[in-house]
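Have a look at the structure below before the remarks.
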Amino acid sequence: MSRSTAAAPVVVIGAGPYGLSTAAHLKARGLQVRVFGSPMASWAENMPAGMLLKSPPSASMLSAPEAGFTLDAYCREAGEPRLTGHDPVPVEMFVRYGRWFAERLVPEVANVRVLGVDRQTDGFHLKLSSGEEPCARAVVVASGMDGFAYVPEALAPLVPEGLVSHSSHHGDLAKFAGRDVVVVGAGQSAQESAALLAEAGAQVRLLARTRRLVFGTAPSPPPHWQPDTPLGRSWGLYAVVHQARFFRFLPAPTRLRLVKRVLGPFGSWWLKPRLDGVPVHLGETVTGAERKGDGVRLVTRGADGTIRTIETAHVLAATGYRVQLDALDFLAPRLRSGLARTGGFPALDTGFQSSVPGLYFTGITSAATFGPLMRFTCGTRFAAPRLSAAMTAGLRH
């Protein structure tokens with residue numbers, strides 16, 4: 001490593017829960033860290049107003065290298081109502097908590113976009129929207145869901161026309177008041193979007209290819225024969241939460257299947273009554289879509305093969321996310337092509353490092369290595385200390 005690169009900082013790309021948690025732990029280990037992004041921006045801008053987190057208060061927190069930075073600690077200090085047990089966490093509160101965490105532990109976050117990252121012989125070269133081109137000793141990609149929103153192929157051509165959108169495209173669904181909207185999907189995002197739209201005064205229908213909507217189990221008093229975890233009560237979830245380090249030893253097809261299926265798609269128990277009165281069309285797959293006047297005509301195929309059409313003013317695709325490394329276009333093409341992969345995910349070692357030395361991934365992009373826990377904010381408690389310890393050891397050798 002050259003003298004100039006040896007003095008360069010570690011860079012964290014992204015200022016959501018995983019980026020902020022990782023930066024806080026790296027700083028606590030004495031590393032010089034630069035963080036690029038806007039604190040909690042995706043949560044503030046890409047989640048609809050009024051949304052409630054799927055995870056309970058105990059699982060809705062960032063990982064700090066010291067005590068006193070939980071959601072409950074924030075509520076005490078800020079004078080906000082303290083949440084306990086299975087109280088739903090409003091997304092607006094979670095955003096305020098994340099920004100409070102950033103102000104105290106990572107105040108130097110730079111609100112600029114990373115336009116390019118390339119590997120050099122002795123480190124990394126970055127290009128920023130500010131025009132700066134800094135060097136870095138190591139880079140952590142913690143960019144969350146950015147670039148991974150999935151819209152089914154049949155609907156995608158109407159996105160540029162504004163007739164179809166992904167659920168992550170809206171910070172406020174009230175603008176659909178008085179309009180007819182079809183929500184496509186069966187998971188938490190689809191169910192909650194349908195509920196919020198109906199509550200905002202839209203004429204909403206929920207369309208899903210599954211034959212039934214699944215809801216989580218409502219809290220019940222003890223005793224319980226299954227262990228409780230931040231993600232729910234079951235032995236399987238206990239393994240996901242407490243044995244994430246062993247997930248990487250499973251066969252790759254098994255890991256990919258579990259990442260997709262564990263904890264999804266289903267809605268929280270408190271969503272079921274909010275969907276009363278919302279027409280739900282189950283067992284139907286969208287096979288085509290076209291403009292019809294100022295709206296959309298959908299073609300669907302039922303489980304029995306029946307074809308029918310549905311007309312609406314707008315289609316909201318609450319169809320989740322699909323990790324594809326090629327969507328991270330800030331990584332230089334040669335850098336991306338050099339990454340070993342598991343499906344669309346980067347293959348990582350025990351310390352979250354990719355096959356490109358010095359390039360780390362955390363959050364959803366690490367799920368194929370460490371499991372479904374990495375899809376939730378409580379995964380920061382596993383990822384941030386582990387990644388920071390591994391990087392610190394690597395840079396010292």
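Chain labels run A, B, ... following the order of the structure tokens; each chain numbers its residues from 1, and ligands are numbered from 1 in the order shown.
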
So that I can check the surroundings of stretch 102-107 of chain A, please list as a list of chain:residue names every protein, DNA and RNA residue that reaches within 8 Å of it, counting only C-alpha atoms and ignoring chain neighbours fewer than 5 positions away.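 The neighbour list is A:Leu20, A:Ala23, A:Ala24, A:Pro39.
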
A:Tyr97 surroundings by only C-alpha atoms, 10 Å radius, close-in-sequence under 2 positions cut, as a PDB file with N, CA and C atoms, in the first residue's frame:
ATOM      1  N   MET A  40     -30.869   8.265   6.459  1.00  0.00           N
ATOM      2  CA  MET A  40     -32.224   7.707   6.453  1.00  0.00           C
ATOM      3  C   MET A  40     -33.067   8.208   5.276  1.00  0.00           C
ATOM      4  N   SER A  60     -36.256  -2.875  15.995  1.00  0.00           N
ATOM      5  CA  SER A  60     -36.176  -1.679  15.152  1.00  0.00           C
ATOM      6  C   SER A  60     -35.122  -0.741  15.719  1.00  0.00           C
ATOM      7  N   MET A  61     -33.879  -1.129  15.534  1.00  0.00           N
ATOM      8  CA  MET A  61     -32.805  -0.323  16.088  1.00  0.00           C
ATOM      9  C   MET A  61     -31.533  -0.475  15.271  1.00  0.00           C
ATOM     10  N   LEU A  62     -30.649   0.481  15.420  1.00  0.00           N
ATOM     11  CA  LEU A  62     -29.345   0.445  14.790  1.00  0.00           C
ATOM     12  C   LEU A  62     -28.333  -0.076  15.804  1.00  0.00           C
ATOM     13  N   PHE A  69     -28.048   3.868  22.635  1.00  0.00           N
ATOM     14  CA  PHE A  69     -28.452   4.371  21.321  1.00  0.00           C
ATOM     15  C   PHE A  69     -29.544   3.512  20.686  1.00  0.00           C
ATOM     16  N   THR A  70     -30.414   2.982  21.524  1.00  0.00           N
ATOM     17  CA  THR A  70     -31.551   2.205  21.043  1.00  0.00           C
ATOM     18  C   THR A  70     -32.713   3.137  20.690  1.00  0.00           C
ATOM     19  N   LEU A  71     -33.731   2.571  20.086  1.00  0.00           N
ATOM     20  CA  LEU A  71     -34.942   3.338  19.801  1.00  0.00           C
ATOM     21  C   LEU A  71     -35.552   3.861  21.093  1.00  0.00           C
ATOM     22  N   ASP A  72     -35.535   3.042  22.134  1.00  0.00           N
ATOM     23  CA  ASP A  72     -36.102   3.458  23.407  1.00  0.00           C
ATOM     24  C   ASP A  72     -35.307   4.617  24.008  1.00  0.00           C
ATOM     25  N   ALA A  73     -33.970   4.570  23.867  1.00  0.00           N
ATOM     26  CA  ALA A  73     -33.145   5.667  24.372  1.00  0.00           C
ATOM     27  C   ALA A  73     -33.470   6.962  23.643  1.00  0.00           C
ATOM     28  N   TYR A  74     -33.687   6.865  22.347  1.00  0.00           N
ATOM     29  CA  TYR A  74     -34.068   8.054  21.580  1.00  0.00           C
ATOM     30  C   TYR A  74     -35.397   8.603  22.084  1.00  0.00           C
ATOM     31  N   CYS A  75     -36.383   7.736  22.264  1.00  0.00           N
ATOM     32  CA  CYS A  75     -37.705   8.187  22.704  1.00  0.00           C
ATOM     33  C   CYS A  75     -37.629   8.872  24.064  1.00  0.00           C
ATOM     34  N   ALA A  78     -35.879  12.323  23.439  1.00  0.00           N
ATOM     35  CA  ALA A  78     -36.657  13.242  22.611  1.00  0.00           C
ATOM     36  C   ALA A  78     -38.041  13.523  23.165  1.00  0.00           C
ATOM     37  N   VAL A  91     -42.978   4.721  10.739  1.00  0.00           N
ATOM     38  CA  VAL A  91     -41.770   4.961   9.963  1.00  0.00           C
ATOM     39  C   VAL A  91     -41.210   6.350  10.243  1.00  0.00           C
ATOM     40  N   GLU A  92     -42.089   7.328  10.500  1.00  0.00           N
ATOM     41  CA  GLU A  92     -41.604   8.684  10.779  1.00  0.00           C
ATOM     42  C   GLU A  92     -40.772   8.713  12.056  1.00  0.00           C
ATOM     43  N   MET A  93     -41.183   7.957  13.074  1.00  0.00           N
ATOM     44  CA  MET A  93     -40.400   7.880  14.305  1.00  0.00           C
ATOM     45  C   MET A  93     -39.057   7.204  14.046  1.00  0.00           C
ATOM     46  N   PHE A  94     -39.070   6.141  13.236  1.00  0.00           N
ATOM     47  CA  PHE A  94     -37.832   5.426  12.956  1.00  0.00           C
ATOM     48  C   PHE A  94     -36.846   6.312  12.202  1.00  0.00           C
ATOM     49  N   VAL A  95     -37.344   7.144  11.306  1.00  0.00           N
ATOM     50  CA  VAL A  95     -36.465   8.083  10.590  1.00  0.00           C
ATOM     51  C   VAL A  95     -35.854   9.080  11.567  1.00  0.00           C
ATOM     52  N   ARG A  99     -31.785   9.505  12.372  1.00  0.00           N
ATOM     53  CA  ARG A  99     -31.069  10.777  12.229  1.00  0.00           C
ATOM     54  C   ARG A  99     -30.474  11.230  13.553  1.00  0.00           C
ATOM     55  N   TRP A 100     -31.153  10.953  14.650  1.00  0.00           N
ATOM     56  CA  TRP A 100     -30.599  11.222  15.983  1.00  0.00           C
ATOM     57  C   TRP A 100     -29.335  10.398  16.199  1.00  0.00           C
ATOM     58  N   PHE A 101     -29.376   9.129  15.821  1.00  0.00           N
ATOM     59  CA  PHE A 101     -28.213   8.235  15.912  1.00  0.00           C
ATOM     60  C   PHE A 101     -27.060   8.820  15.096  1.00  0.00           C
ATOM     61  N   ALA A 102     -27.351   9.283  13.881  1.00  0.00           N
ATOM     62  CA  ALA A 102     -26.312   9.840  13.016  1.00  0.00           C
ATOM     63  C   ALA A 102     -25.705  11.103  13.621  1.00  0.00           C
ATOM     64  N   GLU A 103     -26.525  11.980  14.153  1.00  0.00           N
ATOM     65  CA  GLU A 103     -26.022  13.232  14.726  1.00  0.00           C
ATOM     66  C   GLU A 103     -25.054  12.985  15.866  1.00  0.00           C
TER      67      GLU A 103
END

Closest atom pairs, stretch 8-96 of chain A residues within 12 Å of stretch 169-192 of chain A, only C-alpha atoms, as a tab-separated table:
residue	atom	partner	partner_atom	distance
A:Ala41	CA	A:Gly171	CA	10.8
A:Ser42	CA	A:Gly171	CA	9.5
A:Trp43	CA	A:Gly171	CA	8.9
A:Ala44	CA	A:Gly171	CA	7.1
A:Glu45	CA	A:Gly171	CA	5.0
A:Asn46	CA	A:Gly171	CA	5.2
A:Met47	CA	A:Gly171	CA	5.2
A:Pro48	CA	A:Gly171	CA	4.2
A:Ala49	CA	A:Asp172	CA	5.1
A:Gly50	CA	A:Asp172	CA	8.3
A:Met51	CA	A:Glu192	CA	7.3
A:Leu52	CA	A:Glu192	CA	8.4
A:Leu53	CA	A:Gln188	CA	9.4
A:Lys54	CA	A:Gln188	CA	7.5
A:Ser55	CA	A:Gln188	CA	11.1
A:Val91	CA	A:Gly171	CA	10.8
A:Glu92	CA	A:Gly171	CA	10.9

If you count only C-alpha atoms, which residues fall within 10 Å of stretch 211-219 of chain A, apart from same-chain ones fewer than 4 positions away, as a list in words?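 In the requested format, the answer is Lys54, Gly85, His86, Gly185, Ala186, Gly187, Gln188, Gln191, Gly232, Arg233, Leu263, Gly264, Pro265, Phe266, Gly267, Ser268, Trp269, Trp270, Leu271, Lys272, Val280, His281, Leu282, Gly283, Glu284, Gly302 and Ala303 of chain A.
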
Those selected residues, please, written with C-alpha atoms and delivered as a short mmCIF file (atom, residue, chain, number, x, y, z; two decimals), in the first residue's frame.
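Below you can see selection17.cif, which holds the result:
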data_model
loop_
_atom_site.label_atom_id
_atom_site.label_comp_id
_atom_site.auth_asym_id
_atom_site.auth_seq_id
_atom_site.Cartn_x
_atom_site.Cartn_y
_atom_site.Cartn_z
CA LYS A 54 -43.03 -4.89 10.28
CA GLY A 85 -43.72 -5.24 23.34
CA HIS A 86 -45.36 -5.47 19.95
CA GLY A 185 -48.58 -8.13 -4.57
CA ALA A 186 -49.27 -10.22 -1.48
CA GLY A 187 -46.67 -9.24 1.15
CA GLN A 188 -46.43 -6.55 3.81
CA GLN A 191 -51.18 -5.19 2.07
CA GLY A 232 -41.13 -13.64 15.47
CA ARG A 233 -41.65 -16.72 17.60
CA LEU A 263 -40.60 -14.23 6.51
CA GLY A 264 -42.32 -13.49 3.26
CA PRO A 265 -44.59 -12.72 1.70
CA PHE A 266 -46.98 -12.07 4.57
CA GLY A 267 -48.50 -9.16 6.42
CA SER A 268 -48.33 -8.20 10.07
CA TRP A 269 -51.23 -9.36 12.23
CA TRP A 270 -52.44 -5.78 12.72
CA LEU A 271 -53.01 -5.32 8.97
CA LYS A 272 -55.85 -7.82 8.64
CA VAL A 280 -59.05 -8.78 -2.96
CA HIS A 281 -58.53 -10.84 -6.12
CA LEU A 282 -56.43 -13.92 -5.37
CA GLY A 283 -54.98 -16.57 -7.62
CA GLU A 284 -54.54 -14.12 -10.51
CA GLY A 302 -56.60 -17.10 -12.96
CA ALA A 303 -55.45 -20.29 -11.29
#

Per DSSP on the backbone, what are the helix (DSSP H, G or I) residues of stretch 85-203 of chain A, as a short mmCIF file (atom, residue, chain, number, x, y, z; two decimals) with all heavy atoms, in the first residue's frame?
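In the end it all went to part-v7.cif:
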data_model
loop_
_atom_site.label_atom_id
_atom_site.label_comp_id
_atom_site.auth_asym_id
_atom_site.auth_seq_id
_atom_site.Cartn_x
_atom_site.Cartn_y
_atom_site.Cartn_z
N VAL A 91 -42.98 4.72 10.74
CA VAL A 91 -41.77 4.96 9.96
C VAL A 91 -41.21 6.35 10.24
O VAL A 91 -39.99 6.55 10.25
CB VAL A 91 -42.04 4.76 8.46
CG1 VAL A 91 -42.96 5.83 7.90
CG2 VAL A 91 -40.73 4.73 7.68
N GLU A 92 -42.09 7.33 10.50
CA GLU A 92 -41.60 8.68 10.78
C GLU A 92 -40.77 8.71 12.06
O GLU A 92 -39.74 9.41 12.12
CB GLU A 92 -42.79 9.65 10.91
CG GLU A 92 -43.57 9.86 9.61
CD GLU A 92 -44.65 8.81 9.38
OE1 GLU A 92 -44.75 7.86 10.19
OE2 GLU A 92 -45.39 8.95 8.39
N MET A 93 -41.18 7.96 13.07
CA MET A 93 -40.40 7.88 14.31
C MET A 93 -39.06 7.20 14.05
O MET A 93 -38.02 7.64 14.56
CB MET A 93 -41.17 7.11 15.39
CG MET A 93 -40.34 6.86 16.65
SD MET A 93 -41.17 5.79 17.86
CE MET A 93 -42.32 6.96 18.58
N PHE A 94 -39.07 6.14 13.24
CA PHE A 94 -37.83 5.43 12.96
C PHE A 94 -36.85 6.31 12.20
O PHE A 94 -35.64 6.26 12.46
CB PHE A 94 -38.12 4.16 12.15
CG PHE A 94 -36.94 3.26 11.99
CD1 PHE A 94 -36.36 2.64 13.09
CD2 PHE A 94 -36.38 3.04 10.74
CE1 PHE A 94 -35.26 1.81 12.95
CE2 PHE A 94 -35.28 2.22 10.59
CZ PHE A 94 -34.71 1.60 11.69
N VAL A 95 -37.34 7.14 11.31
CA VAL A 95 -36.46 8.08 10.59
C VAL A 95 -35.85 9.08 11.57
O VAL A 95 -34.65 9.36 11.52
CB VAL A 95 -37.25 8.81 9.48
CG1 VAL A 95 -36.44 9.98 8.92
CG2 VAL A 95 -37.60 7.84 8.36
N ARG A 96 -36.67 9.62 12.46
CA ARG A 96 -36.14 10.57 13.45
C ARG A 96 -35.10 9.91 14.33
O ARG A 96 -34.06 10.51 14.67
CB ARG A 96 -37.28 11.15 14.30
CG ARG A 96 -38.24 12.04 13.52
CD ARG A 96 -39.17 12.80 14.44
NE ARG A 96 -40.10 11.93 15.16
CZ ARG A 96 -41.29 11.57 14.71
NH1 ARG A 96 -41.70 11.97 13.51
NH2 ARG A 96 -42.08 10.81 15.44
N TYR A 97 -35.35 8.68 14.72
CA TYR A 97 -34.39 7.93 15.54
C TYR A 97 -33.07 7.74 14.78
O TYR A 97 -31.99 7.97 15.33
CB TYR A 97 -34.98 6.58 15.92
CG TYR A 97 -33.97 5.53 16.31
CD1 TYR A 97 -33.07 5.73 17.36
CD2 TYR A 97 -33.90 4.31 15.63
CE1 TYR A 97 -32.14 4.77 17.71
CE2 TYR A 97 -32.98 3.34 15.97
CZ TYR A 97 -32.10 3.57 17.01
OH TYR A 97 -31.18 2.61 17.35
N GLY A 98 -33.13 7.32 13.50
CA GLY A 98 -31.92 7.11 12.73
C GLY A 98 -31.11 8.38 12.56
O GLY A 98 -29.87 8.36 12.62
N ARG A 99 -31.79 9.50 12.37
CA ARG A 99 -31.07 10.78 12.23
C ARG A 99 -30.47 11.23 13.55
O ARG A 99 -29.39 11.83 13.58
CB ARG A 99 -32.01 11.82 11.63
CG ARG A 99 -32.33 11.53 10.17
CD ARG A 99 -33.36 12.45 9.57
NE ARG A 99 -33.48 12.20 8.12
CZ ARG A 99 -34.44 12.68 7.35
NH1 ARG A 99 -35.39 13.46 7.88
NH2 ARG A 99 -34.46 12.42 6.06
N TRP A 100 -31.15 10.95 14.65
CA TRP A 100 -30.60 11.22 15.98
C TRP A 100 -29.34 10.40 16.20
O TRP A 100 -28.32 10.90 16.70
CB TRP A 100 -31.67 10.89 17.02
CG TRP A 100 -31.26 10.88 18.46
CD1 TRP A 100 -31.18 11.95 19.29
CD2 TRP A 100 -30.89 9.72 19.23
NE1 TRP A 100 -30.78 11.54 20.54
CE2 TRP A 100 -30.60 10.18 20.53
CE3 TRP A 100 -30.79 8.36 18.95
CZ2 TRP A 100 -30.21 9.31 21.56
CZ3 TRP A 100 -30.40 7.50 19.97
CH2 TRP A 100 -30.11 7.96 21.25
N PHE A 101 -29.38 9.13 15.82
CA PHE A 101 -28.21 8.23 15.91
C PHE A 101 -27.06 8.82 15.10
O PHE A 101 -25.91 8.88 15.56
CB PHE A 101 -28.61 6.86 15.37
CG PHE A 101 -27.56 5.80 15.44
CD1 PHE A 101 -27.58 4.83 16.44
CD2 PHE A 101 -26.55 5.73 14.48
CE1 PHE A 101 -26.63 3.83 16.48
CE2 PHE A 101 -25.58 4.74 14.53
CZ PHE A 101 -25.62 3.79 15.53
N ALA A 102 -27.35 9.28 13.88
CA ALA A 102 -26.31 9.84 13.02
C ALA A 102 -25.70 11.10 13.62
O ALA A 102 -24.48 11.29 13.60
CB ALA A 102 -26.87 10.14 11.63
N GLU A 103 -26.53 11.98 14.15
CA GLU A 103 -26.02 13.23 14.73
C GLU A 103 -25.05 12.98 15.87
O GLU A 103 -24.08 13.73 16.04
CB GLU A 103 -27.20 14.07 15.22
CG GLU A 103 -28.05 14.68 14.11
CD GLU A 103 -29.32 15.31 14.65
OE1 GLU A 103 -29.53 15.26 15.89
OE2 GLU A 103 -30.11 15.83 13.84
N ARG A 104 -25.28 11.93 16.63
CA ARG A 104 -24.45 11.67 17.79
C ARG A 104 -23.23 10.79 17.50
O ARG A 104 -22.18 10.96 18.12
CB ARG A 104 -25.30 11.04 18.91
CG ARG A 104 -26.13 12.11 19.61
CD ARG A 104 -27.42 11.57 20.20
NE ARG A 104 -28.15 12.66 20.83
CZ ARG A 104 -28.83 13.59 20.16
NH1 ARG A 104 -28.86 13.55 18.84
NH2 ARG A 104 -29.47 14.56 20.80
N LEU A 105 -23.35 9.86 16.59
CA LEU A 105 -22.26 8.91 16.37
C LEU A 105 -21.57 9.07 15.01
O LEU A 105 -20.40 8.70 14.88
CB LEU A 105 -22.78 7.48 16.51
CG LEU A 105 -23.26 7.07 17.90
CD1 LEU A 105 -23.80 5.65 17.88
CD2 LEU A 105 -22.14 7.20 18.92
N ALA A 156 -43.72 -3.44 -16.57
CA ALA A 156 -42.57 -2.53 -16.70
C ALA A 156 -42.70 -1.51 -17.83
O ALA A 156 -42.31 -0.35 -17.65
CB ALA A 156 -41.29 -3.34 -16.85
N PRO A 157 -43.24 -1.86 -19.03
CA PRO A 157 -43.30 -0.86 -20.11
C PRO A 157 -44.13 0.38 -19.79
O PRO A 157 -43.95 1.43 -20.41
CB PRO A 157 -43.92 -1.66 -21.27
CG PRO A 157 -43.57 -3.08 -20.99
CD PRO A 157 -43.65 -3.19 -19.51
N LEU A 158 -45.04 0.28 -18.82
CA LEU A 158 -45.91 1.42 -18.50
C LEU A 158 -45.35 2.30 -17.38
O LEU A 158 -45.95 3.32 -17.04
CB LEU A 158 -47.31 0.93 -18.12
CG LEU A 158 -48.09 0.24 -19.25
CD1 LEU A 158 -49.49 -0.14 -18.77
CD2 LEU A 158 -48.19 1.15 -20.47
N SER A 167 -43.98 0.48 -5.34
CA SER A 167 -44.39 1.02 -4.04
C SER A 167 -43.33 1.91 -3.42
O SER A 167 -43.64 2.81 -2.63
CB SER A 167 -44.75 -0.13 -3.09
OG SER A 167 -43.68 -1.05 -2.98
N SER A 168 -42.06 1.71 -3.77
CA SER A 168 -40.98 2.52 -3.20
C SER A 168 -40.87 3.89 -3.86
O SER A 168 -40.04 4.70 -3.46
CB SER A 168 -39.64 1.79 -3.34
OG SER A 168 -39.30 1.62 -4.70
N HIS A 169 -41.70 4.16 -4.87
CA HIS A 169 -41.64 5.44 -5.58
C HIS A 169 -42.45 6.53 -4.89
O HIS A 169 -42.47 7.67 -5.35
CB HIS A 169 -42.15 5.28 -7.02
CG HIS A 169 -41.30 4.39 -7.86
ND1 HIS A 169 -41.71 3.89 -9.09
CD2 HIS A 169 -40.05 3.89 -7.66
CE1 HIS A 169 -40.75 3.13 -9.60
NE2 HIS A 169 -39.76 3.11 -8.76
N LEU A 173 -49.10 8.41 -0.16
CA LEU A 173 -50.13 7.82 -1.04
C LEU A 173 -51.41 8.64 -1.07
O LEU A 173 -52.34 8.30 -1.81
CB LEU A 173 -50.43 6.39 -0.58
CG LEU A 173 -49.27 5.40 -0.72
CD1 LEU A 173 -49.64 4.05 -0.11
CD2 LEU A 173 -48.88 5.23 -2.18
N ALA A 174 -51.45 9.74 -0.31
CA ALA A 174 -52.66 10.56 -0.28
C ALA A 174 -52.96 11.19 -1.64
O ALA A 174 -54.11 11.55 -1.92
CB ALA A 174 -52.53 11.66 0.78
N LYS A 175 -51.95 11.29 -2.50
CA LYS A 175 -52.17 11.91 -3.81
C LYS A 175 -53.08 11.05 -4.70
O LYS A 175 -53.55 11.51 -5.73
CB LYS A 175 -50.83 12.13 -4.52
CG LYS A 175 -50.04 10.87 -4.79
CD LYS A 175 -48.68 11.22 -5.36
CE LYS A 175 -47.81 10.00 -5.55
NZ LYS A 175 -46.44 10.35 -6.03
N PHE A 176 -53.32 9.80 -4.29
CA PHE A 176 -54.21 8.93 -5.06
C PHE A 176 -55.66 9.01 -4.58
O PHE A 176 -56.51 8.25 -5.05
CB PHE A 176 -53.73 7.48 -4.99
CG PHE A 176 -52.46 7.22 -5.74
CD1 PHE A 176 -51.26 7.07 -5.08
CD2 PHE A 176 -52.46 7.14 -7.13
CE1 PHE A 176 -50.08 6.84 -5.76
CE2 PHE A 176 -51.30 6.91 -7.84
CZ PHE A 176 -50.10 6.75 -7.16
N GLN A 188 -46.19 -7.69 2.92
CA GLN A 188 -46.43 -6.55 3.81
C GLN A 188 -46.62 -5.26 3.04
O GLN A 188 -47.54 -4.49 3.30
CB GLN A 188 -45.25 -6.42 4.78
CG GLN A 188 -45.32 -5.21 5.71
CD GLN A 188 -46.17 -5.43 6.93
OE1 GLN A 188 -46.67 -6.55 7.14
NE2 GLN A 188 -46.36 -4.40 7.74
N SER A 189 -45.74 -4.99 2.08
CA SER A 189 -45.82 -3.75 1.33
C SER A 189 -47.14 -3.64 0.57
O SER A 189 -47.79 -2.58 0.56
CB SER A 189 -44.64 -3.63 0.36
OG SER A 189 -44.74 -2.47 -0.42
N ALA A 190 -47.55 -4.72 -0.07
CA ALA A 190 -48.80 -4.70 -0.83
C ALA A 190 -50.00 -4.52 0.09
O ALA A 190 -50.89 -3.69 -0.18
CB ALA A 190 -48.94 -5.99 -1.63
N GLN A 191 -50.04 -5.28 1.17
CA GLN A 191 -51.18 -5.19 2.07
C GLN A 191 -51.27 -3.82 2.73
O GLN A 191 -52.34 -3.22 2.82
CB GLN A 191 -51.08 -6.29 3.13
CG GLN A 191 -51.21 -7.70 2.58
CD GLN A 191 -51.17 -8.75 3.68
OE1 GLN A 191 -51.52 -8.47 4.82
NE2 GLN A 191 -50.72 -9.95 3.34
N GLU A 192 -50.12 -3.30 3.17
CA GLU A 192 -50.15 -2.01 3.85
C GLU A 192 -50.42 -0.87 2.87
O GLU A 192 -51.13 0.08 3.19
CB GLU A 192 -48.85 -1.75 4.60
CG GLU A 192 -48.93 -0.52 5.50
CD GLU A 192 -47.81 -0.45 6.51
OE1 GLU A 192 -46.77 -1.12 6.30
OE2 GLU A 192 -47.95 0.29 7.49
N SER A 193 -49.89 -0.98 1.64
CA SER A 193 -50.18 0.04 0.63
C SER A 193 -51.67 0.08 0.33
O SER A 193 -52.27 1.16 0.19
CB SER A 193 -49.39 -0.24 -0.64
OG SER A 193 -48.00 -0.08 -0.43
N ALA A 194 -52.28 -1.10 0.20
CA ALA A 194 -53.72 -1.15 -0.06
C ALA A 194 -54.50 -0.51 1.09
O ALA A 194 -55.46 0.25 0.87
CB ALA A 194 -54.16 -2.60 -0.27
N ALA A 195 -54.09 -0.81 2.32
CA ALA A 195 -54.78 -0.23 3.48
C ALA A 195 -54.61 1.28 3.52
O ALA A 195 -55.58 2.02 3.74
CB ALA A 195 -54.23 -0.85 4.77
N LEU A 196 -53.39 1.77 3.29
CA LEU A 196 -53.14 3.21 3.32
C LEU A 196 -53.89 3.93 2.20
O LEU A 196 -54.41 5.04 2.39
CB LEU A 196 -51.64 3.49 3.21
CG LEU A 196 -50.81 3.13 4.45
CD1 LEU A 196 -49.32 3.19 4.12
CD2 LEU A 196 -51.13 4.08 5.60
N LEU A 197 -53.94 3.33 1.02
CA LEU A 197 -54.68 3.92 -0.09
C LEU A 197 -56.16 4.03 0.24
O LEU A 197 -56.80 5.06 -0.01
CB LEU A 197 -54.47 3.09 -1.36
CG LEU A 197 -53.14 3.26 -2.07
CD1 LEU A 197 -52.90 2.11 -3.05
CD2 LEU A 197 -53.09 4.61 -2.80
N ALA A 198 -56.73 2.95 0.77
CA ALA A 198 -58.15 2.98 1.13
C ALA A 198 -58.42 4.04 2.20
O ALA A 198 -59.41 4.78 2.12
CB ALA A 198 -58.58 1.60 1.63
N GLU A 199 -57.53 4.12 3.18
CA GLU A 199 -57.69 5.11 4.25
C GLU A 199 -57.52 6.54 3.75
O GLU A 199 -58.03 7.49 4.35
CB GLU A 199 -56.70 4.79 5.37
CG GLU A 199 -57.04 3.50 6.11
CD GLU A 199 -55.87 2.90 6.88
OE1 GLU A 199 -54.79 3.52 6.91
OE2 GLU A 199 -56.05 1.80 7.46
#
